[in-house]
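One structure is given here, and the rest of the page talks about it.
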Amino acid sequence: MARGRGSASGGALAAALLIIVVATSAPLAEAAASHIVGGDYGGWKFNVDRWAKGRTFRAGDQLVFNYNRAVHDVAVVDAAAYRSCVVPRGARVLRSGRDKVRLGRGTHYFVCTVPGHCQAGMKIAVRAV
């Protein structure tokens with residue numbers, strides 16, 4: 001069967017309009033941010049938890065932990081380990097002195113495993129939305 005005149009261009013026009021509607025109604029993706037833990041206050045150190053208060057973190061953002069690896073480290077822990085400062089066996093411990101962690105949605109907990117450091121406030125909890 002033969003198609004009527006202009007039927008192919010009508011389908012192309014409808015497809016183009018659909019693409020425009022979808023593209024303009026989708027929210028613009030925000031670029032992931034990189035956050036230096038502790039900012040200009042010396043990086044990953046004691047009482048760093050104050051640095052995170054009032055900050056907005058999003059899924060996809062990256063935390064950068066800068067510290068002297070001869071005297072500190074960073075362990076990725078759960079809420080219980082964060083509260084108790086007892087790092088479970090098998091926890092991911094970072095030791096480069098320039099560690100980067102990509103955030104997913106939810107709350108993320110980090111502590112220093114050097115004896116006494118977590119108890120002295122070298123820990124941080126951040127919530128990514």
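All residue names refer to the structure tokens as shown: chains lettered A, B, ... in order, residues numbered from 1 in each chain, ligands numbered from 1 in order.
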Which residues of segment 28-54 of chain A come within 12 Å of segment 88-103 of chain A, and what is each one's closest atom pair and distance in Å (one decimal), counting only C-alpha atoms, sorted by chain and residue number, as a Markdown table?
```
| residue | atom | partner | partner_atom | distance |
| --- | --- | --- | --- | --- |
| A:Ala32 | CA | A:Arg102 | CA | 9.5 |
| A:Ala33 | CA | A:Arg102 | CA | 9.9 |
| A:Ser34 | CA | A:Arg102 | CA | 9.0 |
| A:His35 | CA | A:Lys100 | CA | 9.5 |
| A:Ile36 | CA | A:Lys100 | CA | 9.2 |
| A:Val37 | CA | A:Lys100 | CA | 9.9 |
| A:Gly43 | CA | A:Arg98 | CA | 10.0 |
| A:Trp44 | CA | A:Gly97 | CA | 9.2 |
| A:Lys45 | CA | A:Gly97 | CA | 11.7 |
```
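Between atom CA of Arg69 of chain A and atom CA of Tyr82 of chain A the separation is 20.4 Å.
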One-decimal distance in Å that lies between atom CA of Gly121 of chain A and atom CA of Ala79 of chain A:
14.9 Å
Residues near Ala125 of chain A, cut-off 9 Å, only C-alpha atoms, skip fewer than 2 positions along chain, as a list in words:
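These residues fall inside the cut-off: Asp49, Ala52, Ala79, Tyr82, Thr107, His108, Tyr109, Phe110, Val111, Lys123 and Arg127 of chain A.
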Assign secondary structure with DSSP using the backbone only, and return the residues of segment 97-128 of chain A in strand (DSSP E or B) as an MDAnalysis selection string.
chainID A and resid 98:102 106:111 123:128
Output the selection as a CSV table (one decimal), in the first residue's frame - C-alpha atoms for each residue.
```csv
chain,number,residue,atom,x,y,z
A,98,ARG,CA,44.5,11.7,50.3
A,99,ASP,CA,41.5,9.4,50.3
A,100,LYS,CA,38.4,10.0,48.1
A,101,VAL,CA,35.0,8.5,48.8
A,102,ARG,CA,32.0,8.8,46.5
A,106,GLY,CA,21.9,7.9,52.9
A,107,THR,CA,24.1,8.5,55.9
A,108,HIS,CA,27.8,7.7,55.8
A,109,TYR,CA,30.0,7.3,58.8
A,110,PHE,CA,33.8,7.7,59.0
A,111,VAL,CA,36.2,7.4,62.0
A,123,LYS,CA,34.8,11.1,63.3
A,124,ILE,CA,32.2,12.4,60.9
A,125,ALA,CA,28.7,11.5,59.7
A,126,VAL,CA,27.3,13.0,56.6
A,127,ARG,CA,23.9,12.5,54.9
A,128,ALA,CA,23.6,12.6,51.2
```
Name the residues of segment 45-120 of chain A that come out as alpha helix (DSSP H) in a backbone DSSP run; write them as a ChimeraX atom specification.
/A:49-52,79-84
List the spatial neighbours of Gly104 of chain A as a list in words - criterion: any atom at most 8 Å away, only C-alpha atoms, same-chain residues fewer than 6 positions off excluded.
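Counting only C-alpha atoms, the residues come to Arg58, Ala59, Gly60, Asp61 and Ala128 of chain A.
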